[in-house]
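Some notes on the structure that comes next.
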Amino acid sequence: MKKSLLILTALLAVSVANAQKLVIKGSDTLGAKLVPQLAEEFKAKNPGVSFEIAAEGSTTGITAIIDGTAEIGMASRRAKATEISLAKSKGVDMKPIVVAYDGIALVVNANNPLTSLSKSQIEKIFTGEVTDWSAVGGSAGAISVYTRNTSSGTYAVFKELAMHKRDYAPSSQKMAGNEQIVAEVAKNPNGIGYVGLAYIDVAGVKAVPVDGVLPSEASVKNKTYGLARPTFYYVNGTPGGIAAKFIDYTLSAEGQDMVRKVGFVPVK
Amino acid sequence: MIKNSSKWLALLGGLAIGAASLAHAQDSGPLIDALVKKGVLTDQEAEEVRADLIKDFSETSAGKLNISSVFTELKLSGDARVRYEYRTGENGTTGDMQERNRYRYRLRLALTGKLHDGWFFGTRLEPLGNNRSTNVTAGGGVAASGPFNKEDSLALGQVYIGREMGDFTVTAGRMPNPLETTSMTWDDDINPEGLAEQWSHESGKVTWLANLGQFTYESSGTTNPLGTGTSRQNTFLYVIQGGAKIKTGEASALTIAPAYYGYSGNATGLTNLTTPNSNALRPVGLQVVDIPLSYSFKIAELPAKVWVDYAHNFDADTRATAAGKPTFDGENNAYQIGFGIGKAKAPGTWEAKAFWQSVDAFALDSNLVDSDLFDGRTNMEGFVLQGVYALSDGVSVKFTYANGDRKNDNLATYGAGDIATANLTHFQLFQADLNVKF
C-alpha cells in the first residue's frame with residue numbers, strides 16, 4: 001500500500017510538472033484560425049501543454065502584455081507609441097516578433113459587378129463621402145460598409161493604409177471579427193468590408209483588386225499590394241520556457257507551412 | 001533575434017540621431033521602410049528598430065507629451081509685450097490738460113489646431129482687460145492690495161471652432177476678426193463673438209472674397225415677453241462684405257472690400273447717446289457702409305502700400321437725434337488715408353507707416369473704433385506715425401505717435417478712453433513697445 005501511494009504521488013508530481021499553460025491574447029485575425037491551429041500541432045508534439053487563447057482584438061493583446069496577463073500578445077498592427085511608453089513605465093520591455101504577413105482584402109458580394117477599386121475610391125467609401133455604388137463604377141445601390149470594431153488592429157491599420165487616418169463613416173457597421181464581416185457581405189449584395197487574406201475564400205464574397213492588384217501571397221510578399229501588413233506576437237523582453245518554444249515553433253518551417261495553409265503569407 | 005548586432009547597432013544609432021533631430025521617432029518610418037526595400041534590414045529587424053526608437057523617444061521631454069491623435073496640426077503661439085505709454089488730452093470744457101504715463105505689459109497665449117476633414121479650432125488666453133485692451137498696468141491696484149499687486153487675470157480672448165470646405169470657411173465662437181478692415185472701424189483687440197462665413201475664390205488674377213458675420217453684440221438676458229415689462233431682444237451686429245484682390249503686376253495688387261454693417265435688437269446694457277463720454281454707447285442709428293481700398297506694390301524691393309478707408313453712415317440722422325443733436329445729421333462720414341513701407345520680419349528690417357484720419361461724430365460705431373489712437377473717440381481728426389524695427393527673429397520694437405483734434409467743436413467726442421471728458425479738444429499719444437512674437 002505504501003509503495004502504491006509513493007508511485008501515485010510520483011506520477012502526480014510528474015504530471016503537474018508537465019501541465020504547462022500558455023496564455024495568448026489579442027488579434028482576431030491571428031487568433032481565430034492561425035494560432036489555434038498552431039497550438040493544436042504544438043500540443044501534439046508537447047503533451048501536457050495547454051493553451052488559453054482569447055482573440056478579442058489586437059488592443060487586448062498588447063494590453064495583456066503590458067498588464068502581464070498573457071505571455072504572448074497577438075497583434076495585426078504595430079504597438080502604438082503610447083502603448084510602448086506605457087509598457088516601459090511599467091517595466092515591461094515590449095518586443096515585436098513578425099510571425100506572418102497579411103493582406104487586408106476588400107470583399108464585396110459575389111454578385112457585385114465591381115472589378116477594381118482605387119485607394120482613393122476606398123477612402124471615399126469608408127469615410128462616407130461616396131454612398132452609392134454607381135459613383136465608383138458599380139450598379140446603383142446604397143453601399144453598406146462593414147468594418148471591424150475599434151479594438152481591432154485591422155480597424156486601425158486599414159484607417160492608416162487606406163483612409164489617410166480619417167474617421168469611418170458614421171453609418172458603417174462594426175463587426176466583432178473577420179468571419180462576421182464575410183458572413184454579412186455574403187448576405188448583402190450592396191455590402192463591402194475588409195478581412196485578412198485567410199478569410200477571402202468564402203462562398204458568396206469576392207476580393208476586389210486594389211489599384212489593379214489582387215491580394216495574394218506574391219503581391220503581399222513583394223509589397224506590391226497596397227494594403228499589406230506584418231502581423232505580430234508581442235512579448236515582454238526575451239521570453240523563456242514554453243512561450244519561447246511556441247514562438248520558435250511558429251517561425252519554424254513547419255509553423256510557417258501552417259501559416260501558408262491557413263491563408264497568411266509566411267515570413268520565411 | 002538579430003544576429004548581426006554591429007550592423008543593427010550602427011543603423012539604430014543613425015536612425016536615433018535622425019529621430020531626435022526631428023523630435024519624433026515615427027518620422028523615421030519611411031527611412032526604415034526604404035532600408036527594408038533595399039534589403040539592408042529584414043522586416044523583423046525593422047520592427048525592432050521601430051520599437052526601440054519609440055522607447056528611446058518616450059524618454060525625451062517631447063516624448064512624454066501625449067497629444068490626441070485627432071489633431072493633424074497643433075500650434076502653440078502668442079506674443080508678449082512691454083510698453084511705455086504717454087497720453088495727454090485737453091478738456092474742452094475746463095481747458096485743463098490731463099496726462100498719463102503708464103508702464104504696461106501683456107501676454108497672449110494661443111493654442112490652435114487642425115483636425116481631419118477641414119475642421120479647426122482656436123483658443124487664446126489674454127489678460128482680463130476689456131474688449132479693446134489686453135494690457136496690464138504696472139503698479140495698478142495699489143490702493144486695494146499694496147505695491148506689485150497681481151491684477152493680471154487671464155481671460156478667454158478667443159475660443160472658436162470652424163470648418164474649411166474648399167473655398168468656404170465657417171467659424172463659430174469668439175474669433176479673430178474675419179473682416180477686411182482698418183483701425184478706423186475696428187480696434188484690432190476686439191474678437192467678435194458669433195458666426196462668420198467666409199468665401200474666397202481665385203480666378204486668374206482675381207481673388208474674389210465674401211465675408212458674412214452675425215455677431216452677438218449684446219445679450220439681453222432673461223426677459224418676460226408675456227409680462228408687463230418691455231420685451232428685450234439680443235442685439236446683433238450683421239456684416240455683409242464682398243470684394244476682390246486683383247493682381248496688377250508681379251508685385252502689386254489692388255484690394256477692395258466694401259462692407260455693410262447693420263444692427264438688430266434692443267438689449268439695454270449699453271449707455272444712451274446723450275451721455276457721450278461712455279465706452280459703451282448704444283448702436284442706435286447705425287447703417288454703415290465701409291469701403292477699405294488698398295494698393296500694395298514695391299519701392300526699391302521694399303513692400304509698400306497706400307490705402308484709403310471710407311465709411312458713410314446712412315442712418316446718421318437717427319443717431320444724431322438719439323444724441324440730442326438732430327441738426328447735426330450731416331456728421332456721417334469717416335475716412336483714413338495712409339502710406340506704409342517696409343516689413344519688419346528678419347533681424348535688422350523695418351517698417352513705417354503714416355496715416356491721416358477724420359471721423360465725424362455720428363459716422364461710426366464708437367464701441368468698435370481703436371481705443372488708443374484717438375482715445376477711442378469719434379468726432380476726432382488727426383495723424384498717426386508708426387515705426388517698427390526687428391531686433392531679432394520674433395523680437396521687435398515699435399513706436400507710435402498720434403496727434404488729433406476735435407473735429408466739430410459744437411459736438412462732444414463720443415466714446416471714452418483714458419481722458420475723462422466728453423469734450424476732448426486735443427489729444428496726443430506716444431507708445432514705445434518691446435514685442436516678442438512666437
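Ligands are numbered from 1 in the order shown, residues from 1 within each chain, and chains are lettered A, B, ... in the order they appear in the C-alpha cells.
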Original post:
Among stretch 59-261 of chain A, which residues carry a DSSP assignment of strand (DSSP E), reported as a ChimeraX atom specification?
Top reply: /A:72-75,94-109,144-148,173-175,191-196,205-208,228-236
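Within 7 Å of chain B, and counting only C-alpha atoms, chain A contributes Ala81, Ile84, Ser85, Lys95, Pro96, Ile97, Val98 and Arg166 of chain A.
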Mind checking which residues fall within 6 Å of stretch 170-184 of chain A, counting only C-alpha atoms, ignoring those fewer than 3 positions away in the same chain, and posting them as a PDB file with C-alpha atoms, in the first residue's frame?
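Below is the file around-v7.pdb, written as the result:
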ATOM      1  CA  VAL A 145     -19.967  49.437 -45.128  1.00  0.00           C
ATOM      2  CA  TYR A 146     -18.801  46.796 -42.680  1.00  0.00           C
ATOM      3  CA  THR A 147     -15.743  47.416 -40.528  1.00  0.00           C
ATOM      4  CA  ARG A 148     -14.096  45.771 -37.561  1.00  0.00           C
ATOM      5  CA  ASN A 149     -14.641  47.158 -34.104  1.00  0.00           C
ATOM      6  CA  LYS A 187     -25.769  38.117 -47.465  1.00  0.00           C
ATOM      7  CA  VAL A 195     -10.801  40.962 -43.933  1.00  0.00           C
TER       8      VAL A 195
END
**OP:** Measure the distance from atom CA of B:Asn332 to atom CA of B:Gln241 in Å and round it to one decimal.
**Re:**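 Atom-to-atom, atom CA of B:Asn332 and atom CA of B:Gln241 are spaced 20.0 Å apart.
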Subject >> Selection: 7 Å around stretch 372-385 of chain B, only C-alpha atoms, excl. self and same-chain fewer than 6 positions, as a ChimeraX atom specification >> reply: /B:353-361,366,400-408,413-418,427,429
**OP:** List every residue of stretch 109-317 of chain B that DSSP, applied to the backbone of this structure, places in helix (DSSP H, G or I), and write the result as a ChimeraX atom specification.
**Re:** /B:116-118,142-145,316-317
**OP:** Write out as a list in words the residues lying within 6 Å of stretch 206-212 of chain A, counting only C-alpha atoms and excluding same-chain residues fewer than 3 positions away.
**Re:**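 Contacts, in chain order: Leu106, Val107, Val108, Ala110, Ser116, Leu117 and Ser118 of chain A.
Closest to A:Thr69 among A:Thr250, A:Thr115, A:Gln256, A:Asn236 is A:Asn236, based on only C-alpha atoms.
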Subject >> 7 Å contact set for stretch 86-98 of chain B, only C-alpha atoms, chain neighbours under 4 positions out, as a list in words >> reply: Arg102, Ile419, Thr421, Asn423, Leu424, Thr425, His426, Phe427, Gln428, Leu429, Phe430 and Gln431 of chain B
Dump of N, CA and C atoms for the selected residues, as a JSON list (two decimals), in the first residue's frame:
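What ended up in part_14.json:
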[["chain", "number", "residue", "atom", "x", "y", "z"],
["B", 102, "ARG", "N", 2.17, 105.53, -18.38],
["B", 102, "ARG", "CA", 1.89, 104.16, -17.92],
["B", 102, "ARG", "C", 2.97, 103.20, -18.41],
["B", 419, "ILE", "N", -8.91, 109.72, -21.15],
["B", 419, "ILE", "CA", -9.06, 111.13, -20.80],
["B", 419, "ILE", "C", -10.52, 111.36, -20.40],
["B", 421, "THR", "N", -13.24, 113.10, -20.19],
["B", 421, "THR", "CA", -14.08, 114.23, -20.61],
["B", 421, "THR", "C", -14.86, 113.85, -21.86],
["B", 423, "ASN", "N", -15.57, 116.20, -23.91],
["B", 423, "ASN", "CA", -15.15, 117.26, -24.84],
["B", 423, "ASN", "C", -13.64, 117.25, -24.98],
["B", 424, "LEU", "N", -13.15, 116.25, -25.64],
["B", 424, "LEU", "CA", -11.71, 116.11, -25.83],
["B", 424, "LEU", "C", -11.32, 116.97, -27.03],
["B", 425, "THR", "N", -10.70, 118.10, -26.76],
["B", 425, "THR", "CA", -10.42, 119.02, -27.87],
["B", 425, "THR", "C", -9.06, 118.78, -28.52],
["B", 426, "HIS", "N", -8.13, 118.21, -27.76],
["B", 426, "HIS", "CA", -6.83, 117.88, -28.35],
["B", 426, "HIS", "C", -6.28, 116.63, -27.67],
["B", 427, "PHE", "N", -5.62, 115.79, -28.46],
["B", 427, "PHE", "CA", -5.15, 114.52, -27.90],
["B", 427, "PHE", "C", -3.82, 114.15, -28.53],
["B", 428, "GLN", "N", -2.91, 113.66, -27.67],
["B", 428, "GLN", "CA", -1.64, 113.12, -28.18],
["B", 428, "GLN", "C", -1.35, 111.79, -27.50],
["B", 429, "LEU", "N", -0.72, 110.92, -28.25],
["B", 429, "LEU", "CA", -0.38, 109.59, -27.71],
["B", 429, "LEU", "C", 1.02, 109.22, -28.16],
["B", 430, "PHE", "N", 1.81, 108.70, -27.23],
["B", 430, "PHE", "CA", 3.10, 108.12, -27.61],
["B", 430, "PHE", "C", 3.22, 106.75, -26.94],
["B", 431, "GLN", "N", 3.58, 105.74, -27.73],
["B", 431, "GLN", "CA", 3.78, 104.40, -27.18],
["B", 431, "GLN", "C", 5.10, 103.84, -27.68]]
Would you mind listing what lies within 12 Å of B:Leu293 as a PDB file with C-alpha atoms, in the first residue's frame, with only C-alpha atoms counted and same-chain residues fewer than 2 positions away left out?
ATOM      1  CA  GLU B 180     -11.082  93.133 -44.239  1.00  0.00           C
ATOM      2  CA  THR B 181     -10.888  96.318 -42.225  1.00  0.00           C
ATOM      3  CA  THR B 182      -8.738  99.079 -40.665  1.00  0.00           C
ATOM      4  CA  GLY B 243     -14.707  92.294 -52.715  1.00  0.00           C
ATOM      5  CA  ALA B 244     -11.675  91.261 -54.639  1.00  0.00           C
ATOM      6  CA  LYS B 245      -7.916  91.219 -54.612  1.00  0.00           C
ATOM      7  CA  ILE B 246      -6.653  91.927 -58.091  1.00  0.00           C
ATOM      8  CA  ALA B 253      -2.180  94.161 -56.091  1.00  0.00           C
ATOM      9  CA  LEU B 254      -5.332  96.151 -55.543  1.00  0.00           C
ATOM     10  CA  THR B 255      -7.737  95.097 -52.798  1.00  0.00           C
ATOM     11  CA  ILE B 256     -11.229  96.462 -52.341  1.00  0.00           C
ATOM     12  CA  ALA B 257     -13.750  95.048 -49.894  1.00  0.00           C
ATOM     13  CA  PRO B 258     -16.895  97.130 -49.291  1.00  0.00           C
ATOM     14  CA  ALA B 259     -18.860  96.113 -46.200  1.00  0.00           C
ATOM     15  CA  ASP B 290     -17.348 100.933 -45.126  1.00  0.00           C
ATOM     16  CA  ILE B 291     -15.085 100.717 -48.188  1.00  0.00           C
ATOM     17  CA  TYR B 295      -2.870  99.102 -53.303  1.00  0.00           C
ATOM     18  CA  SER B 296       0.295  97.169 -52.480  1.00  0.00           C
ATOM     19  CA  LYS B 305       1.113 100.088 -49.502  1.00  0.00           C
ATOM     20  CA  VAL B 306      -1.226 103.035 -49.895  1.00  0.00           C
ATOM     21  CA  TRP B 307      -4.743 102.780 -48.602  1.00  0.00           C
ATOM     22  CA  VAL B 308      -7.987 104.603 -48.155  1.00  0.00           C
ATOM     23  CA  ASP B 309     -10.823 103.561 -45.899  1.00  0.00           C
ATOM     24  CA  TYR B 310     -14.030 105.499 -46.401  1.00  0.00           C
ATOM     25  CA  ALA B 311     -17.204 104.965 -44.346  1.00  0.00           C
ATOM     26  CA  TYR B 335     -12.055 108.293 -43.766  1.00  0.00           C
ATOM     27  CA  GLN B 336      -8.498 107.200 -43.249  1.00  0.00           C
ATOM     28  CA  ILE B 337      -5.771 107.619 -45.835  1.00  0.00           C
ATOM     29  CA  GLY B 338      -2.285 106.264 -45.357  1.00  0.00           C
TER      30      GLY B 338
END
**OP:** Would you work out the distance separating atom CA of A:Ser50 from atom CA of A:Asp248, expressed in Å to one decimal?
**Re:** 16.8 Å
**OP:** Could you jot down the atom CA of B:Ile299 to atom CA of B:Thr248 separation for me, Å, one decimal place?
**Re:**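 Taking atom CA of B:Ile299 and atom CA of B:Thr248, their separation equals 15.1 Å.
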